[in-house]
Structure formats: C-alpha cells, structure tokens
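Taking it in order: structure first as structure tokens, then the write-up.
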Amino acid sequence: PLVGISAAAVHISRSALAPIMLLSPLTAGAALVSPGKLYLGIDAGTQSTKALVYDAAQRAVVGRGAVSYEMLESDVVGRAEQDPAVWVDAMWRACREALADAGGDAASRICGIGVSGQQHGLVALDASYEVIRPAKLWCDTESAEEAAELSKSLPVPIVASFTASKLLWLKRHEAAAWARLAHVALPHDYLNYVLTGELVMEGSDASGIGLLDVGARAWDASAARLVDAELLDKLPPLIGPGEWCGRLHPSAAEALGLPCGVPVSAGGG
C-alpha cells in the first residue's frame, strides 16, 4: 500500500535525471537545450517513485517530488511483488509534486519526458493491455529452478532476477494467468505505455529479460521458444535509446496537468 510522501522528497537520486538525457535531438527535430523549456524526469524504483523538473538552459533541477510504497505482503519464501497500479498512482503524485515545486508556469513549459525504472520485473498484460496479476520484481526468486533450467540452454546463464525465468514460472504455476498473457512488459515499459498508449521496449533494458540477441539487437527466437513456442509474438517491439516511445496521451496529460503530445523518450532501466 502507499505510505505517502517519503523523506526521499528532500533528495532525488540522479537516476530520475538520466532518462531526460535520452531525449534525442535527432528524433525530436530540435535542440535538446531549448531556452525556457523544461524536462520532466521520472524514476520508478522498488521503494519509491521520484520525479524532477530539469531546466536545460540553466542546467539545474528546479522541482522535485517523491512517493514511497511497499511490496505486497506475502509469506511465500522468495516472493517479491507489487501492484503496477501503485506505480502509476505514485508517478502521477510525484510528478504533480515536482511541477508544483517548480512553480509558475512549469507545466506549460514541459517539452519532454523520460522514465527510468527498476529492471527485470515481469508485468503481464492481456490482449487489452490490462494487468493480469501483480508484477514479479527483480528481487523475486521464486523462479530459481526455472532460471537454472534455462541457463543450461541459453548462450549466457541467467539468475532468477531475469524476466525469462519469471515467464517460465508463470507458465508452470499459474495456468489461468498464462492463458491470458498477450503482452510482456518491464516496469518502465508499462509506465511508458500508460503515458503514451504505446508498448515498446528499449534495447538495453530488454537485455535483462534473457531472451535478447545482443549482437543483432533483436529478440532471439530460439531462446524465446525455450519458454514457449508462442512467446516471441508476445514480446514488444524494440527501440533504441535515442528514440521516442511516443507522445503524451490525452488521459495522461490530464492526470499530470501537462499539454497533450509532449514527447516521451525510450528511457531505460
């Protein structure tokens, strides 16, 4: 459950600033540093979501916000899960706090958004992009057996943190959820989807799934088949770190008090 604004609001980690630097001037068609323009950075961590407003002309952070939360309670050894709805609520609240902290007409001056987030977590979505079950986080180790099994066949061994092992665990332990699975997302991909209505995955973050051909920068079909013959079709399109994942959707713009159509960068983990 949400536990309100944490002491992290006093100090925002540099990770919230990192995705701002991925807003590409090449794809944007304009210079990154635009006088009078502001950028919104969001970092969705395991314990809190932080947001900041960055003035590129001044090279200064002018607004900060943070909302903390906890994992779902469980007596199951190795289980570490969160409800993605908690991340979304925290993102809205942290961003509104950062914009209010920036003051004045900050919201109307935001010209780019970037999201970073905890890696490896499995966000399972159905055909309507609705969350099927709580997200299994990077620190969830219920899939240790599946990780060991996959490591025997994958080019590079993986541990239980990697998303591939969580997918195989889901297939074996929750048949009803697996039957509904249509789209696979990582935590920051899901937040990008909420912001833009587009589900894509940035390549370096995708490497943490364990099913990426790093040399080809493409999904490894043979590796995906180790989990399931149809898994490849459920993995999202890959984009580069300098690309936009989309533009701010009207519903997200309303939640944040921002103009529609603000570009959202690929971000990363």
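Residues are named by chain letter and number: chains run A, B, ... in the order of the structure tokens, numbers start at 1 in each chain, and ligands are numbered from 1 in the order shown.
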| message | According to DSSP computed on the backbone, where in region 113-256 of chain A is there helix (DSSP H, G or I)? Give the residues as a ChimeraX atom specification. | response | /A:144-151,163-173,175-180,187-196,203-206,221-227,231-234,250-256
Could you give me, as a CSV table (one decimal) with all heavy atoms, in the first residue's frame, the residues within 8 Å of region 35-49 of chain A, counting only C-alpha atoms and dropping anything in the same chain fewer than 3 positions from it?
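The resulting file, selection_4.csv, is reproduced below:
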chain,number,residue,atom,x,y,z
A,15,SER,N,19.2,9.1,-10.8
A,15,SER,CA,18.5,8.2,-11.8
A,15,SER,C,17.3,8.8,-12.4
A,15,SER,O,16.9,8.5,-13.5
A,15,SER,CB,18.1,6.9,-11.1
A,15,SER,OG,17.3,7.1,-9.9
A,16,ALA,N,16.6,9.8,-11.7
A,16,ALA,CA,15.5,10.4,-12.2
A,16,ALA,C,15.9,11.4,-13.3
A,16,ALA,O,15.1,11.8,-14.2
A,16,ALA,CB,14.7,11.2,-11.1
A,17,LEU,N,17.2,11.9,-13.3
A,17,LEU,CA,17.7,12.8,-14.3
A,17,LEU,C,18.1,12.0,-15.6
A,17,LEU,O,18.1,12.6,-16.7
A,17,LEU,CB,18.8,13.6,-13.7
A,17,LEU,CG,19.4,14.7,-14.6
A,17,LEU,CD1,18.4,15.7,-15.0
A,17,LEU,CD2,20.6,15.4,-13.8
A,18,ALA,N,18.6,10.8,-15.4
A,18,ALA,CA,19.1,10.0,-16.5
A,18,ALA,C,18.2,9.9,-17.7
A,18,ALA,O,18.7,10.2,-18.9
A,18,ALA,CB,19.5,8.6,-16.0
A,19,PRO,N,16.9,9.6,-17.6
A,19,PRO,CA,16.1,9.5,-18.8
A,19,PRO,C,15.9,10.8,-19.6
A,19,PRO,O,15.7,10.7,-20.8
A,19,PRO,CB,14.8,8.9,-18.3
A,19,PRO,CG,14.7,9.3,-16.8
A,19,PRO,CD,16.2,9.3,-16.4
A,20,ILE,N,16.1,11.9,-18.9
A,20,ILE,CA,16.0,13.2,-19.6
A,20,ILE,C,17.1,13.3,-20.7
A,20,ILE,O,16.9,13.8,-21.7
A,20,ILE,CB,16.1,14.3,-18.6
A,20,ILE,CG1,14.9,14.3,-17.7
A,20,ILE,CG2,16.2,15.7,-19.4
A,20,ILE,CD1,15.0,15.4,-16.6
A,52,LEU,N,11.5,14.8,-11.1
A,52,LEU,CA,12.1,16.1,-11.1
A,52,LEU,C,11.9,16.9,-12.3
A,52,LEU,O,11.6,16.3,-13.4
A,52,LEU,CB,13.6,16.0,-10.8
A,52,LEU,CG,14.6,15.2,-11.7
A,52,LEU,CD1,14.9,16.0,-13.0
A,52,LEU,CD2,15.9,14.9,-11.0
A,53,VAL,N,11.9,18.2,-12.2
A,53,VAL,CA,11.8,19.1,-13.3
A,53,VAL,C,13.2,19.7,-13.6
A,53,VAL,O,13.8,20.3,-12.6
A,53,VAL,CB,10.8,20.2,-13.1
A,53,VAL,CG1,10.7,21.2,-14.3
A,53,VAL,CG2,9.4,19.6,-12.8
A,54,TYR,N,13.7,19.6,-14.8
A,54,TYR,CA,15.0,20.0,-15.1
A,54,TYR,C,15.0,21.1,-16.1
A,54,TYR,O,14.3,21.0,-17.2
A,54,TYR,CB,15.8,18.8,-15.7
A,54,TYR,CG,17.2,19.2,-16.1
A,54,TYR,CD1,18.2,19.4,-15.1
A,54,TYR,CD2,17.6,19.2,-17.4
A,54,TYR,CE1,19.5,19.6,-15.5
A,54,TYR,CE2,18.9,19.5,-17.8
A,54,TYR,CZ,19.9,19.7,-16.8
A,54,TYR,OH,21.2,20.0,-17.2
A,55,ASP,N,15.6,22.2,-15.8
A,55,ASP,CA,15.8,23.4,-16.7
A,55,ASP,C,17.1,23.2,-17.5
A,55,ASP,O,18.2,23.4,-16.9
A,55,ASP,CB,15.7,24.7,-15.9
A,55,ASP,CG,15.7,25.9,-16.8
A,55,ASP,OD1,16.3,25.9,-17.8
A,55,ASP,OD2,15.0,26.9,-16.4
A,56,ALA,N,17.0,22.9,-18.7
A,56,ALA,CA,18.2,22.6,-19.5
A,56,ALA,C,19.0,23.8,-19.8
A,56,ALA,O,20.2,23.8,-19.9
A,56,ALA,CB,17.8,21.9,-20.8
A,57,ALA,N,18.3,25.0,-19.9
A,57,ALA,CA,19.0,26.2,-20.2
A,57,ALA,C,19.9,26.6,-19.0
A,57,ALA,O,21.0,27.0,-19.1
A,57,ALA,CB,18.1,27.3,-20.5
A,66,ALA,N,8.4,13.0,-4.7
A,66,ALA,CA,8.7,11.6,-4.5
A,66,ALA,C,7.5,11.0,-3.7
A,66,ALA,O,6.9,11.7,-2.9
A,66,ALA,CB,10.0,11.4,-3.7
A,67,VAL,N,7.2,9.8,-4.0
A,67,VAL,CA,6.2,9.0,-3.3
A,67,VAL,C,6.7,7.6,-3.0
A,67,VAL,O,7.3,6.9,-3.9
A,67,VAL,CB,4.9,8.9,-4.1
A,67,VAL,CG1,3.9,8.0,-3.5
A,67,VAL,CG2,4.3,10.3,-4.4
A,68,SER,N,6.6,7.2,-1.8
A,68,SER,CA,7.2,5.9,-1.4
A,68,SER,C,6.0,4.8,-1.4
A,68,SER,O,4.9,5.2,-1.3
A,68,SER,CB,7.9,5.9,-0.1
A,68,SER,OG,7.0,6.3,0.9
A,69,TYR,N,6.4,3.5,-1.4
A,69,TYR,CA,5.5,2.4,-1.4
A,69,TYR,C,6.2,1.2,-0.9
A,69,TYR,O,7.4,1.2,-0.8
A,69,TYR,CB,4.8,2.2,-2.7
A,69,TYR,CG,5.7,2.4,-3.9
A,69,TYR,CD1,6.6,1.4,-4.3
A,69,TYR,CD2,5.5,3.5,-4.7
A,69,TYR,CE1,7.4,1.6,-5.4
A,69,TYR,CE2,6.4,3.7,-5.9
A,69,TYR,CZ,7.3,2.7,-6.2
A,69,TYR,OH,8.1,2.9,-7.3
A,70,GLU,N,5.4,0.1,-0.7
A,70,GLU,CA,6.0,-1.1,-0.2
A,70,GLU,C,5.6,-2.3,-1.2
A,70,GLU,O,4.8,-2.1,-2.1
A,70,GLU,CB,5.4,-1.4,1.2
A,70,GLU,CG,5.8,-0.4,2.2
A,70,GLU,CD,5.1,-0.6,3.5
A,70,GLU,OE1,4.3,-1.6,3.6
A,70,GLU,OE2,5.4,0.1,4.5
A,71,MET,N,6.2,-3.4,-0.9
A,71,MET,CA,5.9,-4.6,-1.7
A,71,MET,C,4.6,-5.2,-1.1
A,71,MET,O,4.2,-4.9,0.1
A,71,MET,CB,7.0,-5.7,-1.6
A,71,MET,CG,8.3,-5.2,-2.3
A,71,MET,SD,9.5,-6.6,-2.2
A,71,MET,CE,10.9,-5.6,-2.7
A,87,TRP,N,2.5,1.9,-8.9
A,87,TRP,CA,3.5,2.7,-9.6
A,87,TRP,C,2.8,3.9,-10.3
A,87,TRP,O,3.4,5.0,-10.3
A,87,TRP,CB,4.2,1.9,-10.6
A,87,TRP,CG,4.9,0.6,-10.1
A,87,TRP,CD1,5.3,0.4,-8.8
A,87,TRP,CD2,5.2,-0.5,-10.9
A,87,TRP,NE1,5.8,-0.9,-8.8
A,87,TRP,CE2,5.8,-1.4,-10.0
A,87,TRP,CE3,5.0,-0.9,-12.2
A,87,TRP,CZ2,6.2,-2.7,-10.4
A,87,TRP,CZ3,5.4,-2.1,-12.6
A,87,TRP,CH2,6.0,-3.0,-11.7
A,90,ALA,N,1.7,6.6,-8.0
A,90,ALA,CA,2.9,7.2,-7.4
A,90,ALA,C,3.5,8.2,-8.5
A,90,ALA,O,4.0,9.3,-8.2
A,90,ALA,CB,3.9,6.2,-7.0
A,91,MET,N,3.5,7.7,-9.8
A,91,MET,CA,4.0,8.6,-10.8
A,91,MET,C,3.2,9.9,-11.0
A,91,MET,O,3.8,11.0,-11.0
A,91,MET,CB,4.0,7.8,-12.2
A,91,MET,CG,4.4,8.6,-13.4
A,91,MET,SD,4.6,7.7,-14.9
A,91,MET,CE,3.0,7.2,-15.2
A,94,ALA,N,4.0,12.0,-7.7
A,94,ALA,CA,5.4,12.6,-7.7
A,94,ALA,C,5.6,13.6,-8.7
A,94,ALA,O,6.2,14.7,-8.5
A,94,ALA,CB,6.4,11.4,-7.9
A,95,CYS,N,5.0,13.4,-9.9
A,95,CYS,CA,5.2,14.4,-11.0
A,95,CYS,C,4.4,15.7,-10.6
A,95,CYS,O,5.0,16.8,-10.8
A,95,CYS,CB,4.6,13.9,-12.3
A,95,CYS,SG,5.7,12.6,-13.0
A,106,ALA,N,5.4,26.1,-15.0
A,106,ALA,CA,6.3,25.0,-15.3
A,106,ALA,C,5.6,24.0,-16.1
A,106,ALA,O,6.2,23.4,-17.1
A,106,ALA,CB,6.8,24.4,-14.0
A,109,ARG,N,5.5,24.5,-19.8
A,109,ARG,CA,6.8,24.6,-20.4
A,109,ARG,C,7.5,23.3,-20.6
A,109,ARG,O,8.6,23.2,-21.1
A,109,ARG,CB,7.7,25.6,-19.6
A,109,ARG,CG,7.3,27.0,-19.6
A,109,ARG,CD,8.0,27.8,-18.5
A,109,ARG,NE,9.4,27.8,-18.8
A,109,ARG,CZ,10.4,28.1,-17.8
A,109,ARG,NH1,10.0,28.4,-16.6
A,109,ARG,NH2,11.6,28.1,-18.2
A,110,ILE,N,6.9,22.2,-20.1
A,110,ILE,CA,7.5,20.9,-20.2
A,110,ILE,C,7.5,20.5,-21.7
A,110,ILE,O,6.4,20.4,-22.4
A,110,ILE,CB,6.7,19.8,-19.4
A,110,ILE,CG1,6.8,20.1,-17.9
A,110,ILE,CG2,7.2,18.4,-19.7
A,110,ILE,CD1,8.2,20.0,-17.3
A,111,CYS,N,8.7,20.2,-22.3
A,111,CYS,CA,8.7,19.8,-23.7
A,111,CYS,C,9.3,18.4,-23.9
A,111,CYS,O,9.6,18.0,-25.0
A,111,CYS,CB,9.6,20.8,-24.4
A,111,CYS,SG,11.3,21.0,-23.9
A,112,GLY,N,9.5,17.6,-22.8
A,112,GLY,CA,10.0,16.3,-23.0
A,112,GLY,C,9.9,15.5,-21.6
A,112,GLY,O,10.0,16.2,-20.6
A,113,ILE,N,9.6,14.2,-21.7
A,113,ILE,CA,9.5,13.4,-20.5
A,113,ILE,C,10.4,12.1,-20.7
A,113,ILE,O,10.4,11.6,-21.8
A,113,ILE,CB,8.0,13.0,-20.3
A,113,ILE,CG1,7.1,14.2,-20.1
A,113,ILE,CG2,7.9,12.0,-19.1
A,113,ILE,CD1,5.7,13.9,-20.1
A,114,GLY,N,11.0,11.7,-19.6
A,114,GLY,CA,11.8,10.5,-19.7
A,114,GLY,C,11.6,9.7,-18.4
A,114,GLY,O,11.5,10.2,-17.3
A,115,VAL,N,11.5,8.3,-18.6
A,115,VAL,CA,11.2,7.4,-17.5
A,115,VAL,C,12.3,6.4,-17.3
A,115,VAL,O,12.7,5.8,-18.3
A,115,VAL,CB,9.9,6.7,-17.7
A,115,VAL,CG1,9.6,5.8,-16.5
A,115,VAL,CG2,8.7,7.7,-17.9
A,116,SER,N,12.8,6.2,-16.2
A,116,SER,CA,13.7,5.1,-15.8
A,116,SER,C,13.0,4.3,-14.8
A,116,SER,O,12.1,4.8,-14.1
A,116,SER,CB,15.1,5.6,-15.3
A,116,SER,OG,15.0,6.2,-14.1
A,117,GLY,N,13.4,3.0,-14.7
A,117,GLY,CA,12.6,2.2,-13.7
A,117,GLY,C,13.4,0.9,-13.4
A,117,GLY,O,14.4,0.5,-14.0
A,118,GLN,N,12.9,0.3,-12.3
A,118,GLN,CA,13.5,-1.0,-11.9
A,118,GLN,C,13.5,-2.0,-13.0
A,118,GLN,O,12.6,-2.1,-13.8
A,118,GLN,CB,12.7,-1.5,-10.7
A,118,GLN,CG,11.2,-1.6,-10.9
A,118,GLN,CD,10.5,-2.2,-9.7
A,118,GLN,OE1,10.8,-3.3,-9.3
A,118,GLN,NE2,9.7,-1.4,-9.0
A,187,PRO,N,8.8,-2.9,-15.9
A,187,PRO,CA,8.1,-1.8,-15.2
A,187,PRO,C,8.1,-0.5,-15.9
A,187,PRO,O,7.1,0.2,-16.0
A,187,PRO,CB,8.9,-1.8,-13.9
A,187,PRO,CG,9.3,-3.2,-13.6
A,187,PRO,CD,9.6,-3.7,-15.0
A,188,HIS,N,9.3,-0.1,-16.4
A,188,HIS,CA,9.3,1.2,-17.1
A,188,HIS,C,8.6,1.2,-18.4
A,188,HIS,O,8.0,2.2,-18.8
A,188,HIS,CB,10.8,1.7,-17.1
A,188,HIS,CG,11.3,1.9,-18.5
A,188,HIS,ND1,12.0,0.9,-19.1
A,188,HIS,CD2,11.3,3.0,-19.3
A,188,HIS,CE1,12.4,1.4,-20.3
A,188,HIS,NE2,12.0,2.6,-20.5
| task | Counting only C-alpha atoms, figure out which residue out of A:Leu154, A:Ser265, A:Gly208, A:Leu125 gets nearest to Ala223 (chain A). | result |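 Going through A:Leu154, A:Ser265, A:Gly208, A:Leu125 one by one, the smallest distance to Ala223 (chain A) is for A:Leu154.
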| request: For CA of Lys166 (chain A) and CA of Ser222 (chain A), quote the distance in Å rounded to one decimal. | output: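 Computed distance, CA of Lys166 (chain A) to CA of Ser222 (chain A), equals 17.5 Å.
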Using only C-alpha atoms, which residues of region 63-169 of chain A come within 10 Å of region 250-256 of chain A, and what is the closest atom pair for each, with the distance in Å to one decimal? Give it as a tab-separated table, sorted by chain and residue number.
residue	atom	partner	partner_atom	distance
A:Asp89	CA	A:Ala255	CA	9.7
A:Met91	CA	A:Leu256	CA	9.0
A:Trp92	CA	A:Leu256	CA	6.1
A:Arg93	CA	A:Leu256	CA	8.4
A:Ala94	CA	A:Leu256	CA	9.7
A:Cys95	CA	A:Leu256	CA	6.9
A:Arg96	CA	A:Leu256	CA	6.1
A:Glu97	CA	A:Leu256	CA	9.9
A:Leu99	CA	A:Leu256	CA	8.9
A:Ala107	CA	A:Leu256	CA	8.4
| request: Pick out the closest residue to Gly104 (chain A) from this set: A:Val262, A:Val62, A:Ala206, A:Leu235. Count only C-alpha atoms. | output: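 Closest residue, counting only C-alpha atoms: A:Val62.
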| query | Of the residues A:Asn192, A:Ser128, A:Ser153, A:Thr141, which is the one nearest to Leu248 (chain A), using only C-alpha atoms? | reply |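 The answer is A:Asn192, which sits nearest to Leu248 (chain A).
Note that CA of Asp228 (chain A) and CA of Ala216 (chain A) are 21.3 Å apart.
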| request: Between CA of Val159 (chain A) and CA of Gly203 (chain A), measure the distance and give it in Å to one decimal. | output: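 According to the coordinates, CA of Val159 (chain A) and CA of Gly203 (chain A) are separated by 19.4 Å.
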| request: Might you pull out every residue within 7 Å of Ala266 (chain A), with only C-alpha atoms counted and same-chain residues fewer than 4 positions away left off, and present them as JSON, numbers by chain? | output: {"A": [202, 241, 242, 243, 244, 245]}
| said: as a ChimeraX atom specification, please: the residues near Pro84 (chain A) (cut-off 7 Å, only C-alpha atoms, same-chain neighbours under 2 positions excluded). | reply: /A:82,86-88,134-135
Residue subset to file, keeping all heavy atoms, as a compact mmCIF listing (two decimals), in the first residue's frame:
# COMPACT_ATOMS: atom_id res chain seq x y z
N GLN A 82 4.64 -6.37 -6.60
CA GLN A 82 3.98 -5.07 -6.42
C GLN A 82 2.85 -4.96 -7.43
O GLN A 82 2.91 -5.56 -8.52
CB GLN A 82 4.95 -3.91 -6.60
CG GLN A 82 5.91 -3.71 -5.44
CD GLN A 82 6.95 -2.63 -5.69
OE1 GLN A 82 7.30 -2.33 -6.82
NE2 GLN A 82 7.46 -2.05 -4.61
N VAL A 86 0.01 0.81 -8.26
CA VAL A 86 0.68 1.62 -7.25
C VAL A 86 1.75 2.50 -7.90
O VAL A 86 1.92 3.67 -7.56
CB VAL A 86 1.30 0.72 -6.16
CG1 VAL A 86 2.22 1.51 -5.24
CG2 VAL A 86 0.20 0.05 -5.34
N TRP A 87 2.46 1.94 -8.89
CA TRP A 87 3.48 2.74 -9.60
C TRP A 87 2.82 3.90 -10.34
O TRP A 87 3.35 5.01 -10.34
CB TRP A 87 4.23 1.88 -10.62
CG TRP A 87 4.87 0.65 -10.11
CD1 TRP A 87 5.28 0.39 -8.83
CD2 TRP A 87 5.18 -0.52 -10.88
NE1 TRP A 87 5.84 -0.86 -8.75
CE2 TRP A 87 5.79 -1.45 -9.99
CE3 TRP A 87 5.01 -0.87 -12.22
CZ2 TRP A 87 6.22 -2.70 -10.41
CZ3 TRP A 87 5.44 -2.12 -12.64
CH2 TRP A 87 6.04 -3.01 -11.75
N VAL A 88 1.69 3.61 -10.99
CA VAL A 88 1.02 4.65 -11.77
C VAL A 88 0.56 5.78 -10.85
O VAL A 88 0.79 6.96 -11.14
CB VAL A 88 -0.17 4.06 -12.54
CG1 VAL A 88 -0.95 5.17 -13.25
CG2 VAL A 88 0.31 3.02 -13.56
N PRO A 134 -0.19 -9.26 -10.05
CA PRO A 134 0.89 -8.39 -9.55
C PRO A 134 2.21 -8.66 -10.28
O PRO A 134 2.49 -9.78 -10.71
CB PRO A 134 0.98 -8.78 -8.07
CG PRO A 134 -0.38 -9.29 -7.73
CD PRO A 134 -0.85 -10.01 -8.97
N ALA A 135 3.00 -7.62 -10.42
CA ALA A 135 4.30 -7.74 -11.09
C ALA A 135 5.28 -8.48 -10.20
O ALA A 135 5.39 -8.20 -9.00
CB ALA A 135 4.84 -6.36 -11.42
| request: Compare A:Arg133, A:Arg64, A:His120, A:Lys50 by their minimum atom-to-atom distance to Ala85 (chain A), counting only C-alpha atoms, and give me the closest one. | output: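 Among A:Arg133, A:Arg64, A:His120, A:Lys50, it is A:Arg133 that comes nearest to Ala85 (chain A).
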Please provide as a JSON list (two decimals) with N, CA, C and O atoms, in the first residue's frame all residues within 10 Å of Glu73 (chain A), with the sequence filter that same-chain residues fewer than 5 positions apart are discarded (counting only C-alpha atoms).
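Output (around_23.json):
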[["chain", "number", "residue", "atom", "x", "y", "z"],
["A", 1, "PRO", "N", 0.82, -1.19, 0.00],
["A", 1, "PRO", "CA", 0.00, 0.00, 0.00],
["A", 1, "PRO", "C", 0.86, 1.25, 0.00],
["A", 1, "PRO", "O", 2.01, 1.24, 0.42],
["A", 79, "ARG", "N", 9.16, -14.62, -2.68],
["A", 79, "ARG", "CA", 8.21, -13.82, -3.46],
["A", 79, "ARG", "C", 8.39, -12.34, -3.17],
["A", 79, "ARG", "O", 8.47, -11.92, -2.02],
["A", 80, "ALA", "N", 8.45, -11.54, -4.24],
["A", 80, "ALA", "CA", 8.55, -10.08, -4.13],
["A", 80, "ALA", "C", 7.72, -9.49, -5.26],
["A", 80, "ALA", "O", 8.10, -9.55, -6.43],
["A", 81, "GLU", "N", 6.56, -8.93, -4.92],
["A", 81, "GLU", "CA", 5.62, -8.46, -5.93],
["A", 81, "GLU", "C", 5.06, -7.09, -5.56],
["A", 81, "GLU", "O", 5.02, -6.71, -4.39],
["A", 82, "GLN", "N", 4.64, -6.37, -6.60],
["A", 82, "GLN", "CA", 3.98, -5.07, -6.42],
["A", 82, "GLN", "C", 2.85, -4.96, -7.43],
["A", 82, "GLN", "O", 2.91, -5.56, -8.52]]
| field | Ser161 (chain A) environment, 12 Å, only C-alpha atoms, sequence neighbours closer than 6 positions dropped, as a list of chain:residue names | value | A:Gly78, A:Arg79, A:Ala80, A:Gln118, A:Gln119, A:His120, A:Gly121, A:Leu122, A:Lys136, A:Leu137, A:Trp138, A:Cys139, A:Asp140, A:Thr141, A:Glu142, A:Ser143, A:Ala144, A:Glu145, A:Glu146, A:Ala147, A:Ala148, A:Leu167, A:Trp169, A:Gly208, A:Ile209, A:Gly210
